[in-house]
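What follows is one structure encoded as structure tokens, with my remarks underneath.
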Amino acid sequence: MTSPLDQKLKIAGPVVVTANRLTDGAVIYRRADGGWTTVLDAAAVTTSAAVAQEHLAAANIDRLRAVGAYVAPVKVATDGRLRPGNLREFIRSTGPTTIDPRDPL
Amino acid sequence: MYLYDELDRTLVAERVAEFRDQVARRLSGELSEDEFKPLRLMNGVYLQLHAYMLRIAIPYGTLSSDQLRMLAHVARRYDRGYGHFTTRQNIQFHWIKLAELPEAMADLAGAGLHGMQTSGNNVRNITTDQWAGVAPDEIEDPRVWAELIRQHLTLHPEFSFMPRKFKIAVGASRHDRAALRIHDLALRLLRNGAGETGFEVMVGGGLGRTPFLAKTIKPFLHKRDVLSYVEAVLRTYNQFGRRDNIWKARIKILVHDLGAEAFAKEVEAEWRAIKDGPLALDPAVFAEIAGRFRYPAYERLDDNPPALGEARRADRRFDGWMGNAVANHRIPGYAIVTLSLKPQGGTPGDASAEQMEAIADLADRYSYGEIRVGHEQNLVLPHVAQRDLAALWRALDAIGVATPNVGLISDIISCPGLDYCSLANARSIPVAQEIAARFRNLDLARDLGRLHINISGCINACGHHHVGHIGILGVEKNGEEFYQITLGGKADEDAKLGALIGPAVPFAQVADVVEDIAAAYLELRARPDELFVDTVKRTGIEPFKERVYATR
Amino acid sequence: MPLVNAGHIVEDRYVRLADEAPLPDGVPVIITGQRLLADASELLRHAAPIGVVWPNDRRVAELEPWLDELSLITLIFPKFRDGRAYSQARLLREQYGFRGELRATGEVLRDQFLFLMRAGFDSLEVKKAADAAAFAEAVGRYSAFYQPSAGGNMPIARRRQLSAPKRDTFAAARAAFSAPPSAQGRLAAHSGAGEASGLSFSTT
């Protein structure tokens, strides 16, 4: 069975590498310098499958900081800022969409 | 209420120490995630969308008030101030930090709570009926048997790496409140023709991608043989269950592939070899466990004290709650009280730390310090004197757990879904909230009567949608959330899988669809007291299907 | 891959033999199950100990005719999550009364040591050297066990477990779980399992 590191990635638009932080499970995104950020907008974005593959491979061996890394779609707004590329990524970046009864309606 | 002894406490403490070491080895990098993952799963630690999730076992759904206070403490100290009660009588915390887990688990261990075997390919929390020990119709308390089996299967060296998870339920009444037939293994206490008490043994139930109802493989098993028979079932599964495909690995597939008869033969052969060995139940062993169950010293009280009737007449809201959330108790003068965790606008099954603490205090005051967790994601105070009901209700009402919607359309059973869970395809909680909002009018809800809606955010079916009177399954189509609707499922002794009524509908239409179904029921029912699920059985799904899809 | 036996890292005195290779005189060998089934009588005339490595997807009942003659049975954990060999081990010990050395091989990791010992294994081919060195510590983690002891009487067994000194957990772990062959086990007559004595540990 092909290792995920060897599988050819196919991407259909701009993507980032995302994971969960090892210590607390928080959603993190890989920065261009190889570090991690909780802010989507600060993530390294690419449209190249090869580059994404490289970033993912690097993330996968970064086992002291990140768990469960994968490539996630993003949308690039007209002002250049990054937005989540689908509902799951939206929920990961902004939190549960449920009504909190403690919030005033 | 089972009291831990030194042995139980020692085992949990040692487990905490072992996990502390495993976390340290992961944080230092000595263990890779691949090596660590099954270890953390064996302690109930999942990695979810936003954070780690910790699932704590509540054996057969029974909690002491001190344990509930400890859960409140964990919610406050290590989480975001609330917890979620699940369809398997467990509790989940959704915002846990790995680095703090050893501390949280040490705190929990102090109250006899743990996450052992709430995940992993082992035997999970053994569930029973939330009215166990107090229901008028039960033969004897199934929880003692659940505890006996729980102990035997905790950290059992042979059954910790099975093909897949294994879920056991124990029941003790003809009316099944524990959803026995959707379990991998179910044991139902009953009396045979000779007046002996034993177990009906059912295997191979389970929901998910290939739902099955359990089949009876042994109509009567003597109590003496329960541990050896359970081992025989597990050994057969461990050896012959499929390990090549995660979707085909549960025992239900093995039973289906072999046929129930051939499976039963295999188990019987294994069982005959071991039944007279060390697992034959020593009555002294059973007595020791049974002896550590504490029952209340009930007072001698009369049913229907006059003050109760007066209070009902004086307060319409109290009267409405009495008619909905209070059930008969096997002891005269007492009652079983259900606390609805499905308030308007809330998340089904959630309770805040403040609520948990208040409920713990009320349990001390009115329920001999005991609380139960039901698979419908509500709580129960099992030992309430009828004379205390009015005072209790006022207190429950003040903390928001007295919505009189128990068993009604707004008492929705829902998994956490895509808002929390990394397995989900679609959200479930907002769907539940919207449906509940449409049916917030209690008169309408009462008119519709007993109506179970079950919502799952993915095919893993943690919301038990297959056995909902109305079942709702979230799926993903082209990046959008869609929902399949099933009708006519049942989780009781007359268990049935629901039937799909048509193509999946988008998120925005689900509540409309439920309204259409409810309207159709009101028109189709033969009498006001014909239950929704009985109407569906009588008419079939066609009239509902027509109504729902006429304009879609 | 270090071999741990009775808590210590030891040299493996057995040689794994390829199916076509001739039996070396006086050398303890481990052969495949296939070879044993094909060739049992010839092999069992071999003067030195014979062991067999048995696949985890075949019933151990097939080994029944040779259990008295086999000195060692190696069972396999292809992945640590594949726990079939735990059942095979218990069947061999408790129903078939196998008294030789039971060895675990494959993906054998530290966090499974205690389960392995309590399921009846004597020796472990441990995947990581560091884990082998940590054997005593790993096995010493637990002093409390729910499952029945050799005596079968749980209350007494529980008290015995509680009072057992923590240092001696290896022996406690072995004794606490592996039950003697049941007099009514499938092969009561075959392996001379009428006696109620406890298991004897393998001799190397």
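Just so we're on the same page: first chain in the structure tokens is A, next is B, and so on; residues restart at 1 for each chain, and ligands are numbered from 1 in the order they show up.
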Exercise. How would you write, as JSON, numbers by chain, the set of residues in stretch 311-541 of chain B that DSSP gives as alpha helix (DSSP H)?
Worked result: {"B": [311, 312, 313, 314, 316, 317, 318, 319, 320, 321, 322, 323, 324, 325, 353, 354, 355, 356, 357, 358, 359, 360, 361, 362, 363, 364, 365, 366, 389, 390, 391, 392, 393, 394, 395, 396, 397, 398, 429, 430, 431, 432, 433, 434, 435, 436, 437, 438, 442, 443, 444, 445, 446, 447, 448, 510, 511, 512, 513, 514, 515, 516, 517, 518, 519, 520, 521, 522, 523, 524, 532, 533, 534, 535, 536, 537, 538, 539]}
For this session: Skip stretch 140-154 of chain B itself and residues of its chain fewer than 5 positions away, then list as an NGL selection string all residues within 6 Å of it, counting only C-alpha atoms.
Result: (:B and (132-133 or 171-172 or 290)) or (:C and (146-147))
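If you look at atom CA of C:Ala85 and atom CA of C:Thr32, they are 15.8 Å away from each other.
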For this session: With a distance cut-off of 12 Å and only C-alpha atoms, select the neighbouring residues of B:Arg250, excluding the residue or stretch itself and same-chain residues fewer than 3 positions from it, and output the selection as a PyMOL selection string.
Result: chain B and resi 121-123+162-167+183-185+203-212+234+237-238+240-247+253-257
For this session: Find the residues in chain A near chain B: any atom within 8 Å counts, using only C-alpha atoms. Write them as an MDAnalysis selection string.
Result: chainID A and resid 20 22:27 63:64 67 86:88 91:92 95:101
Exercise. Can you tell me how far atom CA of B:Leu389 sits from atom CA of B:Leu308, in Å to one decimal?
Worked result: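 Taking atom CA of B:Leu389 and atom CA of B:Leu308, their separation equals 7.5 Å.
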Exercise. So which residues touch stretch 546-548 of chain B within 7 Å, counting only C-alpha atoms, skipping near sequence neighbours fewer than 6 positions away, as a VMD selection string?
Worked result: chain B and resid 513 516 to 517 520
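Summary of the local environment: counting only C-alpha atoms, residues at most 10 Å from B:Asp79, other than itself and those fewer than 3 positions away along its chain, are Met53, Leu54, Ala72, His73, Val74, Ala75, Arg76, Tyr82, Gly83, Phe93, His94, Trp95, Ile96, Lys97, Ala104 and Ala353 of chain B.
Here is the contact set of chain B against chain C, at 7 Å and counting only C-alpha atoms: B:Leu7, B:Thr10, B:Leu11, B:Glu14, B:Glu18, B:Gln151, B:His152, B:Pro157, B:Glu158, B:Phe161, B:Met162, B:Arg235, B:Asn238, B:Gln239, B:Ala273, B:Ile274, B:Asp276, B:Gly277, B:Pro278, B:Val285.
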For this session: Please provide as a VMD selection string all residues within 8 Å of C:Pro55, with the sequence filter that same-chain residues fewer than 4 positions apart are discarded (counting only C-alpha atoms).
Result: chain C and resid 33 75 to 76
Any chance you can output those residues with C-alpha atoms as a PDB file, in the first residue's frame?
ATOM      1  CA  GLY C  33       3.640 -24.955  10.437  1.00  0.00           C
ATOM      2  CA  LEU C  75       2.571 -17.150  17.505  1.00  0.00           C
ATOM      3  CA  ILE C  76       2.369 -14.085  15.313  1.00  0.00           C
TER       4      ILE C  76
END
Exercise. Counting only C-alpha atoms, what is within 12 Å of A:His55, bar same-chain residues fewer than 6 positions away, as a PyMOL selection string?
Worked result: chain A and resi 5+9+15-19+29-36+43-46+48-49+61-62+69-72
For this session: Enumerate the residues of stretch 113-282 of chain B with a DSSP assignment of strand (DSSP E or B), computed from the backbone, and present them as a count of residues only.
Result: 31
Problem set entry | Coordinates-based distance that separates atom CA of B:Asp319 from atom CA of B:Arg440 (Å, one decimal) |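 Going from atom CA of B:Arg440 over to atom CA of B:Asp319, I get 18.2 Å.
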